[in-house]
Amino acid sequence: MTQNRWLAETGGTRGREYAARFDALEASGADVHGEAHFVDSLLERGSRVVDGGCGTGRVGRELVRRGHLVVGVDVDESMLAVARERDPATTWLFADLLDVDVDDVGGPVDCVVLAGNVIVYLTPGTEPDVVTHVASWLAAGGLLVVGF
């Protein structure tokens, strides 16, 4: 089976390096929360959100800070280690998005976010299946927000 593009490129070992890059950007004054700001503007306070391909949890943590309930999902344990250190109260699932069931994320959600390059780094050929699958987690009227 073909490997997830992210894991093939990084070996699943770049979580701290990735986090440090965004930390440096933020320290320089760059706004690194544009995705979270956009998603937050679409939601009622307290919405239930899945951050798919959450990486180090940058988007998910900011959505939590803004008052939402978040579950993050990623296939890179090195990225999730950072997410868990920075926000141990949030649920961060180590899994492929296709292996996660709606019950794993706590039932239907108000929004699924696949920020940035999540779609680009999926296992080749799984992109339509992933979109269909994560959309099935949405409550009536829920939003699927993909790419930015």
# chains A, B, ... in the order shown; residues from 1 in each chain; ligands from 1

call {"tool": "residues_around", "arguments": {"residues": "Leu42 in chain A", "least_positions_apart": "5", "cutoff": "12 Å", "atoms": "only C-alpha atoms", "output": "list in words"}}
result
Glu35, Ala36, His37, Ser47, Val49, Leu63, His68, Asp110, Cys111, Val112, Val113, Gly141, Gly142, Leu143, Leu144 and Val145 of chain A

call {"tool": "residues_around", "arguments": {"residues": "Gly107 in chain A", "least_positions_apart": "3", "cutoff": "12 Å", "atoms": "only C-alpha atoms", "output": "MDAnalysis selection string"}}
result
chainID A and resid 48:50 71 100:104 110:111 134 136:139

call {"tool": "residues_around", "arguments": {"residues": "range 114-127 of chain A", "least_positions_apart": "5", "cutoff": "6 Å", "atoms": "only C-alpha atoms", "output": "PyMOL selection string"}}
result
chain A and resi 3-6+52-53+146-148

call {"tool": "closest_residue", "arguments": {"among": "A:Leu69, A:Asp76, A:Pro108, A:Asp23", "to": "Ala8 in chain A", "atoms": "only C-alpha atoms"}}
result
A:Asp76

call {"tool": "atom_distance", "arguments": {"atom1": "CA of Phe22 in chain A", "atom2": "CA of Ala95 in chain A"}}
result
23.3 Å

call {"tool": "closest_residue", "arguments": {"among": "A:Arg16, A:Arg21, A:Val39, A:Glu26", "to": "Leu80 in chain A", "atoms": "only C-alpha atoms"}}
result
A:Arg16

call {"tool": "residues_around", "arguments": {"residues": "Trp92 in chain A", "least_positions_apart": "3", "cutoff": "8 Å", "atoms": "only C-alpha atoms", "output": "list of chain:residue names"}}
result
A:Val71, A:Gly72, A:Val73, A:Asp74, A:Leu80, A:Ala83, A:Arg84

call {"tool": "atom_distance", "arguments": {"atom1": "CA of Ala27 in chain A", "atom2": "CA of Gly60 in chain A"}}
result
19.1 Å

call {"tool": "atom_distance", "arguments": {"atom1": "CA of Ala81 in chain A", "atom2": "CA of Val59 in chain A"}}
result
15.2 Å

call {"tool": "select_by_dssp", "arguments": {"residues": "range 70-142 of chain A", "states": "helix (DSSP H, G or I)", "output": "JSON, numbers by chain"}}
result
{"A": [77, 78, 79, 80, 81, 82, 83, 84, 85, 86, 97, 98, 99, 102, 103, 104, 105, 119, 120, 121, 127, 128, 129, 130, 131, 132, 133, 134, 135]}
